[in-house]
Amino acid sequence: MPELPEVEYAAAVARRVAVGRTITSAKVLHRSLRRALPARNARSLVGDRVDGIERRGKTQFFRLMSGRALAVHFRMTGDWHVSADGEPLPRHARAYLGFEGGLRLVLDDPRALSVLSLCAPGQGAADHLGPDADDPAFEPVSLAAALRTRRAPIKIALLDQRVVAGLGNIYTVEALWQARLNPRTPAHQLAVARLRQLVRAIRRVLAKAARNAERYYGAGASSPSRFAVYDREGKPCRRCGASIARMVQGGRSTYFCPRCQR
DNA sequence: CGTATCCTGACC
DNA sequence: GGTCAGGATACG
């Protein structure tokens, strides 16, 4: 799943193709994406120019010359595919932007859950997001303040983008293992000292993911897991050897070591 | 707080 | 042919 490091990588790809270039074509190919970006809105992108692409949490913002911004969220399975005009589109092409010079940025998304939307000039679309998980502003003391009233399990709280932006299921689970924290611990019970370990673990997990050159689709299903706990139910904990357990929290799988995460 | 919804490929 | 996966959002 694209989380902060993968979205940052995708944004870098998009920057190379789009920044400084005028949009020559824009089309939404799937009904589900037209809910947020109707055909007329897509058409209005033609003639505008991409001045820059920023990432906040898991959202990419294409800053346009007109003052508007195109927000792109990959959700589960979205990714950019780069091709030249006239080349066949990938099987799960859901939308594309064509640019001056002949390159095309194609949104490739099997499940078609990605969201494209236009933000009017001055419309702050990232206001509801907490600090980015890889930003220095994400630190233990302010995290403690954000969690003070939260009785939900820490796993659930970390997935709330208002608390911290950019974490998804996989790296949240990995960071909790790294920090030896029980995912069920009520968030407000964690002292700053424990949160310091957690923040450090999150930074470490994200930095490792960012260094990883392979894309998230790249690893074959049979290759050894690059995760310490995610999707390793019943396999030995890489720290203590106990059997990795799985539970469901908020409808999503949490993997953890029942022995060394307390 | 929990649960349904979107969407489709993968898997039994 | 039924179930599962899950980010964000909407709702009870």
# chains A, B, ... in the order shown; residues from 1 in each chain; ligands from 1
$ select_by_dssp --residues "region 9-253 of chain A" --states "strand (DSSP E or B)" --output "PyMOL selection string"
chain A and resi 22-28+49-56+59-64+69-73+79-84+93-99+103-108+115-119+132+153+165+186+236+243+245-249+252-253
$ interface_residues --of "chain A" --to "chain C" --cutoff "9 Å" --atoms "only C-alpha atoms (C1' of nucleotides)" --output "PyMOL selection string"
chain A and resi 1+74-76+113+168-169+251-252
$ closest_atom_pairs --of "chain B" --to "chain A" --cutoff "9 Å" --atoms "only C-alpha atoms (C1' of nucleotides)" --output "Markdown table"
| residue | atom | partner | partner_atom | distance |
| --- | --- | --- | --- | --- |
| B:DC1 | C1' | A:Ala152 | CA | 8.5 |
| B:DG2 | C1' | A:Gly250 | CA | 7.5 |
| B:DT3 | C1' | A:Gly251 | CA | 8.4 |
| B:DC6 | C1' | A:Leu113 | CA | 7.0 |
| B:DC7 | C1' | A:Arg111 | CA | 4.8 |
| B:DT8 | C1' | A:Arg111 | CA | 4.8 |
| B:DG9 | C1' | A:Pro110 | CA | 7.6 |
$ atom_distance --atom1 "CA of Phe99 (chain A)" --atom2 "CA of Thr24 (chain A)"
5.1 Å
$ residues_around --residues "Ala11 (chain A)" --least-positions-apart "5" --cutoff "8 Å" --atoms "only C-alpha atoms (C1' of nucleotides)" --output "VMD selection string"
chain A and resid 53 to 55 60
$ select_by_dssp --residues "region 138-235 of chain A" --states "helix (DSSP H, G or I)" --output "PyMOL selection string"
chain A and resi 140-147+154-159+169-178+187-189+192-211
$ atom_distance --atom1 "CA of His128 (chain A)" --atom2 "CA of Lys58 (chain A)"
12.7 Å
$ atom_distance --atom1 "CA of Ser243 (chain A)" --atom2 "CA of Val229 (chain A)"
10.1 Å
$ decode --residues "chain B" --atoms "N, CA and C atoms (P, O5', C5', C4', C3', O3' and C1' of nucleotides)" --output "PDB file, in the first residue's frame"
ATOM      1  P    DC B   1     -11.911   5.938  20.806  1.00  0.00           P
ATOM      2  O5'  DC B   1     -13.173   5.009  20.448  1.00  0.00           O
ATOM      3  C5'  DC B   1     -13.484   3.915  21.230  1.00  0.00           C
ATOM      4  C4'  DC B   1     -14.898   3.496  20.956  1.00  0.00           C
ATOM      5  C3'  DC B   1     -15.057   2.677  19.679  1.00  0.00           C
ATOM      6  O3'  DC B   1     -14.745   1.326  19.940  1.00  0.00           O
ATOM      7  C1'  DC B   1     -16.838   4.261  19.902  1.00  0.00           C
ATOM      8  P    DG B   2     -13.879   0.466  18.851  1.00  0.00           P
ATOM      9  O5'  DG B   2     -15.036  -0.245  18.019  1.00  0.00           O
ATOM     10  C5'  DG B   2     -16.144  -0.818  18.691  1.00  0.00           C
ATOM     11  C4'  DG B   2     -17.332  -0.802  17.765  1.00  0.00           C
ATOM     12  C3'  DG B   2     -17.080  -1.576  16.461  1.00  0.00           C
ATOM     13  O3'  DG B   2     -18.110  -2.526  16.274  1.00  0.00           O
ATOM     14  C1'  DG B   2     -17.856   0.644  15.991  1.00  0.00           C
ATOM     15  P    DT B   3     -17.914  -3.651  15.172  1.00  0.00           P
ATOM     16  O5'  DT B   3     -18.617  -2.965  13.917  1.00  0.00           O
ATOM     17  C5'  DT B   3     -19.979  -2.578  14.018  1.00  0.00           C
ATOM     18  C4'  DT B   3     -20.432  -1.975  12.700  1.00  0.00           C
ATOM     19  C3'  DT B   3     -19.996  -2.778  11.464  1.00  0.00           C
ATOM     20  O3'  DT B   3     -21.115  -2.876  10.607  1.00  0.00           O
ATOM     21  C1'  DT B   3     -19.372  -0.528  11.220  1.00  0.00           C
ATOM     22  P    DA B   4     -21.069  -3.840   9.344  1.00  0.00           P
ATOM     23  O5'  DA B   4     -21.385  -2.826   8.148  1.00  0.00           O
ATOM     24  C5'  DA B   4     -22.539  -2.015   8.231  1.00  0.00           C
ATOM     25  C4'  DA B   4     -22.552  -1.011   7.094  1.00  0.00           C
ATOM     26  C3'  DA B   4     -22.284  -1.607   5.709  1.00  0.00           C
ATOM     27  O3'  DA B   4     -23.159  -0.975   4.780  1.00  0.00           O
ATOM     28  C1'  DA B   4     -20.636   0.037   6.202  1.00  0.00           C
ATOM     29  P    DT B   5     -23.236  -1.523   3.286  1.00  0.00           P
ATOM     30  O5'  DT B   5     -22.255  -0.534   2.517  1.00  0.00           O
ATOM     31  C5'  DT B   5     -22.577   0.850   2.436  1.00  0.00           C
ATOM     32  C4'  DT B   5     -21.459   1.592   1.755  1.00  0.00           C
ATOM     33  C3'  DT B   5     -20.919   0.888   0.497  1.00  0.00           C
ATOM     34  O3'  DT B   5     -21.433   1.539  -0.660  1.00  0.00           O
ATOM     35  C1'  DT B   5     -19.177   1.854   1.858  1.00  0.00           C
ATOM     36  P    DC B   6     -21.421   0.760  -2.049  1.00  0.00           P
ATOM     37  O5'  DC B   6     -20.084   1.310  -2.719  1.00  0.00           O
ATOM     38  C5'  DC B   6     -19.888   2.709  -2.900  1.00  0.00           C
ATOM     39  C4'  DC B   6     -18.412   2.977  -3.080  1.00  0.00           C
ATOM     40  C3'  DC B   6     -17.763   2.160  -4.204  1.00  0.00           C
ATOM     41  O3'  DC B   6     -17.426   3.022  -5.275  1.00  0.00           O
ATOM     42  C1'  DC B   6     -16.399   2.266  -2.222  1.00  0.00           C
ATOM     43  P    DC B   7     -17.737   2.517  -6.770  1.00  0.00           P
ATOM     44  O5'  DC B   7     -16.640   1.389  -6.978  1.00  0.00           O
ATOM     45  C5'  DC B   7     -15.335   1.763  -7.377  1.00  0.00           C
ATOM     46  C4'  DC B   7     -14.392   0.590  -7.249  1.00  0.00           C
ATOM     47  C3'  DC B   7     -14.769  -0.648  -8.035  1.00  0.00           C
ATOM     48  O3'  DC B   7     -14.172  -0.539  -9.310  1.00  0.00           O
ATOM     49  C1'  DC B   7     -13.717  -1.142  -5.930  1.00  0.00           C
ATOM     50  P    DT B   8     -14.430  -1.582 -10.475  1.00  0.00           P
ATOM     51  O5'  DT B   8     -13.351  -2.721 -10.174  1.00  0.00           O
ATOM     52  C5'  DT B   8     -11.971  -2.412 -10.263  1.00  0.00           C
ATOM     53  C4'  DT B   8     -11.160  -3.549  -9.698  1.00  0.00           C
ATOM     54  C3'  DT B   8     -11.387  -4.892 -10.405  1.00  0.00           C
ATOM     55  O3'  DT B   8     -10.113  -5.410 -10.689  1.00  0.00           O
ATOM     56  C1'  DT B   8     -11.531  -5.151  -8.071  1.00  0.00           C
ATOM     57  P    DG B   9      -9.888  -6.501 -11.866  1.00  0.00           P
ATOM     58  O5'  DG B   9      -8.646  -7.276 -11.264  1.00  0.00           O
ATOM     59  C5'  DG B   9      -7.600  -6.534 -10.649  1.00  0.00           C
ATOM     60  C4'  DG B   9      -6.951  -7.374  -9.575  1.00  0.00           C
ATOM     61  C3'  DG B   9      -6.657  -8.810  -9.997  1.00  0.00           C
ATOM     62  O3'  DG B   9      -5.400  -9.154  -9.465  1.00  0.00           O
ATOM     63  C1'  DG B   9      -8.067  -8.813  -8.097  1.00  0.00           C
ATOM     64  P    DA B  10      -4.701 -10.550  -9.836  1.00  0.00           P
ATOM     65  O5'  DA B  10      -4.831 -11.329  -8.448  1.00  0.00           O
ATOM     66  C5'  DA B  10      -4.370 -10.697  -7.259  1.00  0.00           C
ATOM     67  C4'  DA B  10      -4.635 -11.598  -6.071  1.00  0.00           C
ATOM     68  C3'  DA B  10      -4.394 -13.078  -6.339  1.00  0.00           C
ATOM     69  O3'  DA B  10      -3.715 -13.631  -5.225  1.00  0.00           O
ATOM     70  C1'  DA B  10      -6.614 -12.762  -5.580  1.00  0.00           C
ATOM     71  P    DC B  11      -2.996 -15.069  -5.365  1.00  0.00           P
ATOM     72  O5'  DC B  11      -3.928 -15.999  -4.468  1.00  0.00           O
ATOM     73  C5'  DC B  11      -4.297 -15.571  -3.147  1.00  0.00           C
ATOM     74  C4'  DC B  11      -5.544 -16.295  -2.721  1.00  0.00           C
ATOM     75  C3'  DC B  11      -5.553 -17.785  -3.062  1.00  0.00           C
ATOM     76  O3'  DC B  11      -5.496 -18.544  -1.868  1.00  0.00           O
ATOM     77  C1'  DC B  11      -7.662 -16.739  -3.456  1.00  0.00           C
ATOM     78  P    DC B  12      -5.081 -20.120  -1.994  1.00  0.00           P
ATOM     79  O5'  DC B  12      -6.417 -20.849  -1.518  1.00  0.00           O
ATOM     80  C5'  DC B  12      -6.912 -20.613  -0.204  1.00  0.00           C
ATOM     81  C4'  DC B  12      -8.427 -20.747  -0.167  1.00  0.00           C
ATOM     82  C3'  DC B  12      -8.927 -22.172  -0.334  1.00  0.00           C
ATOM     83  O3'  DC B  12      -9.524 -22.602   0.881  1.00  0.00           O
ATOM     84  C1'  DC B  12     -10.209 -20.613  -1.652  1.00  0.00           C
TER      85       DC B  12
END
